[in-house]
$ cat protein_20.cif   # mmCIF, C-alpha atoms and all ligand atoms
data_final
#
loop_
_atom_site.label_atom_id
_atom_site.label_comp_id
_atom_site.auth_asym_id
_atom_site.auth_seq_id
_atom_site.Cartn_x
_atom_site.Cartn_y
_atom_site.Cartn_z
CA MET A 1 -7.20 -13.24 -8.99
CA GLY A 2 -9.81 -11.23 -10.91
CA ARG A 3 -8.15 -10.61 -14.26
CA THR A 4 -10.08 -10.31 -17.55
CA LEU A 5 -8.87 -9.71 -21.06
CA LEU A 6 -11.03 -7.16 -22.86
CA THR A 7 -10.99 -6.26 -26.53
CA SER A 8 -12.68 -3.42 -28.35
CA ALA A 9 -16.41 -4.09 -28.76
CA ASP A 10 -16.54 -2.88 -32.37
CA ASP A 11 -13.34 -4.59 -33.44
CA PRO A 12 -14.31 -8.01 -34.83
CA GLN A 13 -10.66 -9.04 -35.19
CA PRO A 14 -9.09 -7.54 -32.12
CA SER A 15 -5.61 -6.25 -32.68
CA PRO A 16 -3.10 -6.63 -29.83
CA ARG A 17 -3.01 -2.84 -29.63
CA THR A 18 -6.52 -2.60 -28.25
CA ASP A 19 -6.37 -5.57 -25.85
CA VAL A 20 -6.32 -4.57 -22.21
CA THR A 21 -6.38 -6.69 -19.07
CA VAL A 22 -8.40 -5.48 -16.12
CA ARG A 23 -7.82 -6.44 -12.48
CA SER A 24 -9.69 -5.76 -9.26
CA ASP A 25 -6.98 -6.97 -6.89
CA VAL A 26 -3.56 -5.80 -5.77
CA THR A 27 -0.58 -8.01 -4.97
CA VAL A 28 1.98 -7.70 -2.21
CA GLU A 29 4.89 -10.08 -1.89
CA LEU A 30 7.37 -10.00 0.97
CA VAL A 31 10.60 -10.50 -0.98
CA LYS A 32 13.15 -9.92 1.76
CA SER A 33 13.09 -9.41 5.49
CA SER A 34 15.20 -9.20 8.58
CA ALA A 35 12.57 -8.56 11.19
CA SER A 36 11.71 -10.23 14.48
CA ASP A 37 10.55 -9.28 17.95
CA SER A 38 14.05 -9.93 19.27
CA ASP A 39 15.31 -7.02 17.13
CA VAL A 40 13.15 -4.75 19.28
CA LEU A 41 14.31 -6.32 22.51
CA PHE A 42 18.06 -6.07 22.06
CA ALA A 43 17.74 -2.48 20.88
CA ALA A 44 15.67 -1.56 23.94
CA ARG A 45 17.82 -3.46 26.45
CA VAL A 46 21.01 -1.73 25.42
CA SER A 47 19.65 1.14 27.52
CA THR A 48 20.20 -0.85 30.70
CA LEU A 49 22.51 -3.74 29.71
CA GLY A 50 24.87 -2.17 27.21
CA GLU A 51 26.66 -4.71 25.03
CA GLN A 52 25.23 -7.66 27.06
CA SER A 53 21.73 -6.95 25.76
CA ILE A 54 22.09 -9.52 22.96
CA GLY A 55 22.52 -12.33 25.52
CA GLU A 56 19.21 -11.55 27.19
CA LEU A 57 17.01 -12.25 24.22
CA GLN A 58 15.70 -15.74 24.96
CA LYS A 59 15.77 -15.49 28.76
CA ASP A 60 12.25 -14.58 29.79
CA PRO A 61 9.49 -14.54 27.16
CA GLU A 62 6.91 -12.97 29.50
CA ARG A 63 9.28 -10.12 30.35
CA SER A 64 9.99 -9.67 26.64
CA LYS A 65 6.30 -9.39 25.88
CA GLY A 66 5.90 -6.89 28.70
CA LEU A 67 8.83 -4.80 27.51
CA ILE A 68 7.49 -4.58 23.95
CA ASN A 69 4.09 -3.58 25.27
CA TYR A 70 5.66 -0.92 27.52
CA LEU A 71 7.65 0.53 24.60
CA MET A 72 4.52 0.66 22.46
CA ARG A 73 2.33 2.14 25.18
CA ASP A 74 4.80 4.85 26.13
CA ARG A 75 5.67 5.54 22.50
CA HIS A 76 9.35 4.77 22.92
CA GLY A 77 9.62 4.24 19.19
CA SER A 78 13.24 3.88 18.08
CA PRO A 79 13.70 0.20 19.14
CA PHE A 80 11.10 -0.66 16.48
CA GLU A 81 13.39 0.64 13.72
CA HIS A 82 16.12 -2.05 13.85
CA ASN A 83 14.53 -4.35 11.28
CA SER A 84 13.71 -4.32 7.59
CA MET A 85 10.99 -5.60 5.25
CA THR A 86 11.00 -5.31 1.45
CA PHE A 87 7.70 -5.73 -0.38
CA LEU A 88 7.05 -6.06 -4.10
CA VAL A 89 3.75 -4.29 -4.69
CA SER A 90 1.64 -4.35 -7.80
CA ALA A 91 -1.20 -1.82 -7.72
CA PRO A 92 -2.72 1.03 -9.75
CA ILE A 93 -0.74 4.28 -10.08
CA PHE A 94 -3.29 6.17 -7.96
CA VAL A 95 -2.40 3.90 -5.04
CA PHE A 96 1.32 4.58 -5.49
CA ARG A 97 0.64 8.28 -5.60
CA GLU A 98 -0.87 8.06 -2.11
CA PHE A 99 1.70 5.55 -0.92
CA MET A 100 4.73 7.68 -1.73
CA ARG A 101 3.47 10.46 0.50
CA HIS A 102 4.87 8.30 3.31
CA ARG A 103 8.37 9.78 3.36
CA VAL A 104 9.90 8.68 6.64
CA GLY A 105 11.35 5.18 7.07
CA TRP A 106 10.35 4.10 3.55
CA SER A 107 12.47 3.50 0.41
CA TYR A 108 10.89 3.08 -3.01
CA ASN A 109 11.86 1.96 -6.49
CA GLU A 110 9.17 1.85 -9.16
CA GLU A 111 9.13 0.48 -12.70
CA SER A 112 9.94 3.12 -15.28
CA GLY A 113 7.67 4.42 -18.01
CA ARG A 114 10.75 5.97 -19.61
CA TYR A 115 12.84 2.82 -19.92
CA ARG A 116 10.19 0.19 -20.66
CA GLU A 117 6.94 -0.06 -22.56
CA LEU A 118 4.09 -0.01 -20.04
CA GLN A 119 1.85 -3.08 -20.09
CA PRO A 120 -1.93 -2.79 -20.67
CA VAL A 121 -3.08 -3.86 -17.20
CA PHE A 122 -5.68 -1.61 -15.58
CA TYR A 123 -7.80 -1.42 -12.43
CA VAL A 124 -11.57 -1.80 -12.23
CA PRO A 125 -13.34 -2.04 -8.87
CA GLY A 126 -14.43 -5.50 -7.76
CA GLU A 127 -18.09 -6.23 -7.08
CA ASP A 128 -17.60 -5.75 -3.33
CA ARG A 129 -16.06 -2.27 -3.74
CA LYS A 130 -18.48 0.37 -2.42
CA LEU A 131 -19.17 2.84 -5.23
CA VAL A 132 -21.27 5.64 -3.81
CA GLN A 133 -20.18 8.39 -1.40
CA GLN A 134 -22.78 9.84 0.95
CA GLY A 135 -22.56 12.77 3.37
CA ARG A 136 -20.19 15.71 3.41
CA PRO A 137 -16.38 15.71 3.26
CA GLY A 138 -14.89 14.71 6.59
CA LYS A 139 -18.12 13.00 7.59
CA TYR A 140 -19.07 10.73 4.76
CA GLU A 141 -19.49 7.04 4.17
CA PHE A 142 -19.36 4.76 1.18
CA VAL A 143 -22.24 2.45 0.31
CA ASP A 144 -22.79 -0.26 -2.29
CA GLY A 145 -23.59 0.79 -5.84
CA THR A 146 -26.54 -0.59 -7.77
CA PRO A 147 -25.89 -3.31 -10.38
CA GLU A 148 -26.44 -0.60 -13.04
CA GLN A 149 -23.79 1.65 -11.46
CA TYR A 150 -21.35 -1.24 -11.23
CA LYS A 151 -21.93 -2.05 -14.91
CA ALA A 152 -21.48 1.60 -15.88
CA VAL A 153 -18.23 1.84 -13.91
CA THR A 154 -16.64 -1.30 -15.31
CA GLU A 155 -17.72 -0.71 -18.90
CA THR A 156 -16.81 2.99 -18.95
CA MET A 157 -13.42 2.37 -17.40
CA ALA A 158 -12.64 -0.50 -19.76
CA GLU A 159 -13.54 1.57 -22.81
CA SER A 160 -11.48 4.53 -21.61
CA TYR A 161 -8.52 2.21 -20.92
CA ARG A 162 -8.76 0.71 -24.40
CA GLN A 163 -8.75 4.12 -26.01
CA SER A 164 -5.86 5.51 -24.01
CA TYR A 165 -3.74 2.40 -24.47
CA ALA A 166 -4.44 2.44 -28.21
CA ALA A 167 -3.34 6.11 -28.31
CA TYR A 168 -0.15 5.17 -26.41
CA GLN A 169 0.59 2.40 -28.91
CA GLU A 170 -0.14 4.69 -31.84
CA MET A 171 2.42 7.21 -30.63
CA LEU A 172 5.03 4.52 -29.98
CA ALA A 173 4.45 3.15 -33.49
CA ALA A 174 4.98 6.67 -34.86
CA GLY A 175 8.39 6.77 -33.16
CA VAL A 176 7.45 8.95 -30.19
CA ALA A 177 9.53 8.37 -27.04
CA ARG A 178 7.94 6.26 -24.27
CA GLU A 179 8.37 9.09 -21.77
CA VAL A 180 6.25 11.37 -23.97
CA ALA A 181 3.63 8.86 -25.11
CA ARG A 182 2.87 7.70 -21.56
CA ALA A 183 1.17 11.03 -20.78
CA THR A 184 -1.99 9.60 -22.32
CA LEU A 185 -2.23 6.72 -19.81
CA PRO A 186 -4.56 7.05 -16.77
CA VAL A 187 -3.92 6.53 -13.06
CA GLY A 188 -5.82 3.21 -13.21
CA LEU A 189 -2.77 1.67 -14.94
CA PHE A 190 -0.99 -0.94 -12.84
CA SER A 191 2.57 -0.30 -11.80
CA SER A 192 5.02 -2.20 -9.62
CA MET A 193 7.46 -1.10 -6.97
CA TYR A 194 9.73 -2.31 -4.24
CA ALA A 195 8.94 -0.67 -0.93
CA THR A 196 11.24 -1.18 2.05
CA CYS A 197 10.29 -0.15 5.56
CA ASN A 198 10.77 -1.01 9.21
CA ALA A 199 8.15 -1.91 11.79
CA ARG A 200 7.83 1.66 13.07
CA SER A 201 7.27 3.20 9.63
CA LEU A 202 4.91 0.34 8.73
CA MET A 203 2.86 0.95 11.88
CA HIS A 204 2.56 4.64 11.03
CA PHE A 205 1.41 3.68 7.53
CA LEU A 206 -1.10 1.12 8.84
CA GLY A 207 -2.51 3.58 11.37
CA LEU A 208 -3.35 5.95 8.52
CA ARG A 209 -4.15 3.59 5.68
CA THR A 210 -6.26 0.88 7.28
CA GLN A 211 -9.54 0.92 9.17
CA HIS A 212 -9.68 -1.32 12.22
CA GLU A 213 -12.02 -1.74 15.17
CA LEU A 214 -9.09 -1.47 17.60
CA ALA A 215 -7.86 1.86 16.21
CA LYS A 216 -7.90 4.60 18.86
CA VAL A 217 -7.72 7.24 16.13
CA PRO A 218 -9.91 6.17 13.21
CA SER A 219 -8.72 6.92 9.68
CA PHE A 220 -10.67 6.89 6.41
CA PRO A 221 -8.32 5.58 3.73
CA GLN A 222 -9.17 4.87 0.13
CA ARG A 223 -10.07 1.20 -0.12
CA GLU A 224 -7.41 0.31 -2.70
CA ILE A 225 -4.43 1.48 -0.61
CA GLU A 226 -6.04 -0.24 2.37
CA MET A 227 -6.00 -3.50 0.36
CA VAL A 228 -2.22 -3.11 0.02
CA GLY A 229 -1.91 -2.25 3.73
CA GLU A 230 -3.88 -5.33 4.78
CA LYS A 231 -1.56 -7.61 2.83
CA MET A 232 1.55 -5.97 4.30
CA GLU A 233 0.03 -6.23 7.75
CA ALA A 234 -0.52 -9.98 7.37
CA GLU A 235 3.16 -10.52 6.48
CA TRP A 236 4.40 -8.31 9.28
CA ALA A 237 2.14 -9.99 11.88
CA ARG A 238 3.77 -13.30 11.02
CA LEU A 239 7.31 -11.94 11.41
CA MET A 240 6.82 -9.93 14.61
CA PRO A 241 3.85 -11.39 16.53
CA LEU A 242 4.60 -9.72 19.89
CA THR A 243 5.09 -6.30 18.30
CA TYR A 244 1.96 -6.77 16.24
CA ALA A 245 -0.09 -7.75 19.31
CA ALA A 246 1.21 -4.70 21.22
CA PHE A 247 0.34 -2.41 18.27
CA ASN A 248 -3.26 -3.66 18.35
CA ALA A 249 -3.48 -3.63 22.15
CA ASN A 250 -2.40 0.03 22.21
CA GLY A 251 -4.89 1.34 19.69
CA ARG A 252 -2.86 0.94 16.50
CA VAL A 253 -0.94 4.17 17.03
CA ALA A 254 2.69 4.01 15.86
CA PRO A 255 5.08 4.55 18.77
C1 LIG A 301 -7.27 9.54 4.87
C2 LIG A 301 -6.19 10.39 4.28
C3 LIG A 301 -6.53 11.44 3.45
C4 LIG A 301 -5.52 12.24 2.89
N1 LIG A 301 -5.86 13.26 2.03
C5 LIG A 301 -4.90 14.04 1.48
C6 LIG A 301 -5.23 15.11 0.60
O1 LIG A 301 -6.38 15.37 0.32
N2 LIG A 301 -4.21 15.83 0.06
C7 LIG A 301 -2.90 15.59 0.37
O2 LIG A 301 -2.02 16.28 -0.14
N3 LIG A 301 -2.56 14.58 1.19
C8 LIG A 301 -3.51 13.81 1.75
N4 LIG A 301 -3.17 12.77 2.58
C9 LIG A 301 -1.74 12.49 2.81
C10 LIG A 301 -1.28 12.98 4.21
O3 LIG A 301 -1.38 14.38 4.33
C11 LIG A 301 0.18 12.55 4.46
O4 LIG A 301 1.02 13.14 3.49
C12 LIG A 301 0.36 11.04 4.37
O5 LIG A 301 -0.64 10.37 5.10
C13 LIG A 301 1.72 10.65 4.94
O6 LIG A 301 1.68 10.85 6.34
P1 LIG A 301 2.90 11.40 7.15
O7 LIG A 301 3.36 12.74 6.62
O8 LIG A 301 2.50 11.35 8.58
O9 LIG A 301 3.99 10.26 6.87
P2 LIG A 301 5.55 10.39 6.67
O10 LIG A 301 5.87 11.27 5.52
O11 LIG A 301 6.06 9.00 6.58
O12 LIG A 301 6.06 11.10 7.97
C14 LIG A 301 6.05 10.42 9.23
C15 LIG A 301 6.07 11.44 10.35
O13 LIG A 301 7.28 12.15 10.32
C16 LIG A 301 7.04 13.52 10.69
N5 LIG A 301 7.40 14.38 9.54
C17 LIG A 301 7.67 13.98 8.28
N6 LIG A 301 7.98 15.02 7.50
C18 LIG A 301 7.88 16.10 8.28
C19 LIG A 301 8.06 17.48 8.04
N7 LIG A 301 8.39 17.96 6.85
N8 LIG A 301 7.88 18.33 9.07
C20 LIG A 301 7.56 17.88 10.30
N9 LIG A 301 7.35 16.58 10.59
C21 LIG A 301 7.52 15.71 9.60
C22 LIG A 301 5.57 13.62 11.06
O14 LIG A 301 5.42 13.38 12.43
C23 LIG A 301 4.96 12.48 10.27
O15 LIG A 301 3.74 12.00 10.82
C24 LIG A 301 -4.15 11.97 3.17
C25 LIG A 301 -3.83 10.91 4.02
C26 LIG A 301 -4.83 10.13 4.57
C27 LIG A 301 -4.44 8.97 5.46
#

$ encode --input "protein_20.cif" --output "structure tokens" --more "lines below"
Ligand SMILES: Cc1cc2nc3c(=O)[nH]c(=O)nc-3n(C[C@H](O)[C@H](O)[C@H](O)COP(=O)(O)OP(=O)(O)OC[C@H]3O[C@@H](n4cnc5c(N)ncnc54)[C@H](O)[C@@H]3O)c2cc1C
Amino acid sequence: MGRTLLTSADDPQPSPRTDVTVRSDVTVELVKSSASDSDVLFAARVSTLGEQSIGELQKDPERSKGLINYLMRDRHGSPFEHNSMTFLVSAPIFVFREFMRHRVGWSYNEESGRYRELQPVFYVPGEDRKLVQQGRPGKYEFVDGTPEQYKAVTETMAESYRQSYAAYQEMLAAGVAREVARATLPVGLFSSMYATCNARSLMHFLGLRTQHELAKVPSFPQREIEMVGEKMEAEWARLMPLTYAAFNANGRVAP
């Protein structure tokens, strides 16, 4: 999973205070869900069948597929809201900062830096993470870094993490409150949260936070939030295959 324990280079007997773990991955676990294509169908069919819509669910799979595709294509979005997925996400704070900009159809609860001591787990880019930005804002691309740049990034980040976590520990040891001491910790620190959404809000998120060859409207997300999005997408695709197929077939634009 790409985790390494690092200790201070000039500390021959590393103290626990200067040990930090670095990770290059993110984790996403689907902890709870009530989500299926039939949730879309009964919600849509109430328009024409009223309370009998629930009985129609299994009747004609081809018609069901066609109805979901029609709803997606014509952006009749509310039938995609009658379902729920709760994910446990572990990712750096800078990812959560972007994530929580998604206000509609999402609920969040994040671990607290006031009520618990934050653990020394930090993000460093993996070897496949493109490091260099070329071009101008709005029209730029990312390309691979050189081995020297990769070394500089990982070593500089690790040293900075060690120093800031040691400062955090020093303040805690001096009796300073966690909520004050945490100000020294960087956005590369890992955090965890529960994020609950429905298929419609997830599609809006995926349209903005993933790159995909089928996207009608390309987006240019930061790679690390895209890594979270890709893992959520895989779980959702399994739960709602017809809805997922219609999302892709209609250019990955949320209805
Ligand atoms: C590639 C990329 C780069 C970005 N760069 C920046 C940046 O530099 N700085 C920055 O601050 N943010 C940035 N953002 C965040 C972006 O501006 C949005 O806040 C974020 O993507 C959430 O999108 P949203 O508002 O559509 O989603 P949600 O908050 O989930 O809203 C969903 C939809 O509801 C409607 N809606 C929600 N709230 C309102 C409202 N108050 N009024 C009217 N309609 C509403 C809109 O139709 C919206 O699309 C970036 C996002 C992306 C994807």

$ residues_near_ligand --input "protein_20.cif" --ligand "ligand LIG 301 (chain A)" --cutoff "8 Å" --atoms "all atoms listed in the file" --output "PyMOL selection string"
chain A and resi 98-106+201+204-205+208-209+219-222

$ residues_near_point --input "protein_20.cif" --point "(16.9, -9.2, 2.6)" --cutoff "10 Å" --atoms "only C-alpha atoms" --output "list in words"
Leu30, Val31, Lys32, Ser33, Ser34, Ala35, Ser84, Met85, Thr86 and Thr196 of chain A

$ residues_around --input "protein_20.cif" --residues "Ser112 of chain A" --least-positions-apart "5" --cutoff "12 Å" --atoms "all atoms listed in the file" --output "PyMOL selection string"
chain A and resi 93+117-119+178-179+182+190-193

$ residues_around --input "protein_20.cif" --residues "Leu189 of chain A" --least-positions-apart "4" --cutoff "9 Å" --atoms "all atoms listed in the file" --output "PyMOL selection string"
chain A and resi 91-94+118-123+161+185

$ atom_distance --input "protein_20.cif" --atom1 "atom CA of Glu233 of chain A" --atom2 "atom CA of Met203 of chain A"
8.8 Å

$ closest_residue --input "protein_20.cif" --among "A:Thr146, A:Val95, A:Leu41, A:Tyr165" --to "Gly66 of chain A" --atoms "only C-alpha atoms"
A:Leu41

$ residues_around --input "protein_20.cif" --residues "Leu71 of chain A" --least-positions-apart "2" --cutoff "10 Å" --atoms "all atoms listed in the file" --output "PDB file with C-alpha atoms, keeping the file's coordinate frame"
ATOM      1  CA  VAL A  40      13.150  -4.750  19.280  1.00  0.00           C
ATOM      2  CA  LEU A  41      14.310  -6.320  22.510  1.00  0.00           C
ATOM      3  CA  ALA A  44      15.670  -1.560  23.940  1.00  0.00           C
ATOM      4  CA  GLY A  66       5.900  -6.890  28.700  1.00  0.00           C
ATOM      5  CA  LEU A  67       8.830  -4.800  27.510  1.00  0.00           C
ATOM      6  CA  ILE A  68       7.490  -4.580  23.950  1.00  0.00           C
ATOM      7  CA  ASN A  69       4.090  -3.580  25.270  1.00  0.00           C
ATOM      8  CA  ARG A  73       2.330   2.140  25.180  1.00  0.00           C
ATOM      9  CA  ASP A  74       4.800   4.850  26.130  1.00  0.00           C
ATOM     10  CA  ARG A  75       5.670   5.540  22.500  1.00  0.00           C
ATOM     11  CA  HIS A  76       9.350   4.770  22.920  1.00  0.00           C
ATOM     12  CA  GLY A  77       9.620   4.240  19.190  1.00  0.00           C
ATOM     13  CA  SER A  78      13.240   3.880  18.080  1.00  0.00           C
ATOM     14  CA  PRO A  79      13.700   0.200  19.140  1.00  0.00           C
ATOM     15  CA  PHE A  80      11.100  -0.660  16.480  1.00  0.00           C
ATOM     16  CA  THR A 243       5.090  -6.300  18.300  1.00  0.00           C
ATOM     17  CA  ALA A 246       1.210  -4.700  21.220  1.00  0.00           C
ATOM     18  CA  PRO A 255       5.080   4.550  18.770  1.00  0.00           C
TER      19      PRO A 255
END

$ atom_distance --input "protein_20.cif" --atom1 "atom CA of Val228 of chain A" --atom2 "atom CA of Phe87 of chain A"
10.3 Å

$ closest_residue --input "protein_20.cif" --among "A:Glu81, A:Val89, A:Ile225, A:Leu172" --to "Ala254 of chain A" --atoms "all atoms listed in the file"
A:Glu81

$ decode --input "protein_20.cif" --residues "segment 32-44 of chain A" --atoms "N, CA and C atoms" --output "PDB file, in the first residue's frame"
ATOM      1  N   LYS A  32     -21.419   1.465   3.905  1.00  0.00           N
ATOM      2  CA  LYS A  32     -22.870   1.282   4.011  1.00  0.00           C
ATOM      3  C   LYS A  32     -23.495   1.734   2.707  1.00  0.00           C
ATOM      4  N   SER A  33     -24.490   1.005   2.234  1.00  0.00           N
ATOM      5  CA  SER A  33     -25.157   1.489   1.026  1.00  0.00           C
ATOM      6  C   SER A  33     -26.574   0.954   0.930  1.00  0.00           C
ATOM      7  N   SER A  34     -27.392   1.756   0.324  1.00  0.00           N
ATOM      8  CA  SER A  34     -28.720   1.328  -0.101  1.00  0.00           C
ATOM      9  C   SER A  34     -28.881   1.968  -1.469  1.00  0.00           C
ATOM     10  N   ALA A  35     -28.404   1.277  -2.473  1.00  0.00           N
ATOM     11  CA  ALA A  35     -28.320   1.892  -3.801  1.00  0.00           C
ATOM     12  C   ALA A  35     -28.406   0.819  -4.876  1.00  0.00           C
ATOM     13  N   SER A  36     -29.398   0.938  -5.735  1.00  0.00           N
ATOM     14  CA  SER A  36     -29.505   0.005  -6.860  1.00  0.00           C
ATOM     15  C   SER A  36     -30.241   0.705  -8.000  1.00  0.00           C
ATOM     16  N   ASP A  37     -30.125   0.132  -9.187  1.00  0.00           N
ATOM     17  CA  ASP A  37     -30.810   0.724 -10.337  1.00  0.00           C
ATOM     18  C   ASP A  37     -32.321   0.767 -10.123  1.00  0.00           C
ATOM     19  N   SER A  38     -32.840  -0.209  -9.390  1.00  0.00           N
ATOM     20  CA  SER A  38     -34.303  -0.228  -9.197  1.00  0.00           C
ATOM     21  C   SER A  38     -34.775   0.973  -8.376  1.00  0.00           C
ATOM     22  N   ASP A  39     -33.879   1.562  -7.562  1.00  0.00           N
ATOM     23  CA  ASP A  39     -34.260   2.778  -6.822  1.00  0.00           C
ATOM     24  C   ASP A  39     -34.576   3.926  -7.790  1.00  0.00           C
ATOM     25  N   VAL A  40     -33.851   3.942  -8.908  1.00  0.00           N
ATOM     26  CA  VAL A  40     -34.091   4.981  -9.920  1.00  0.00           C
ATOM     27  C   VAL A  40     -35.422   4.720 -10.611  1.00  0.00           C
ATOM     28  N   LEU A  41     -35.657   3.441 -10.900  1.00  0.00           N
ATOM     29  CA  LEU A  41     -36.836   3.078 -11.691  1.00  0.00           C
ATOM     30  C   LEU A  41     -38.147   3.355 -10.966  1.00  0.00           C
ATOM     31  N   PHE A  42     -38.223   2.946  -9.683  1.00  0.00           N
ATOM     32  CA  PHE A  42     -39.520   3.163  -9.030  1.00  0.00           C
ATOM     33  C   PHE A  42     -39.776   4.649  -8.828  1.00  0.00           C
ATOM     34  N   ALA A  43     -38.697   5.404  -8.592  1.00  0.00           N
ATOM     35  CA  ALA A  43     -38.889   6.844  -8.413  1.00  0.00           C
ATOM     36  C   ALA A  43     -39.369   7.491  -9.710  1.00  0.00           C
ATOM     37  N   ALA A  44     -38.833   7.030 -10.844  1.00  0.00           N
ATOM     38  CA  ALA A  44     -39.225   7.619 -12.125  1.00  0.00           C
ATOM     39  C   ALA A  44     -40.639   7.191 -12.515  1.00  0.00           C
TER      40      ALA A  44
END
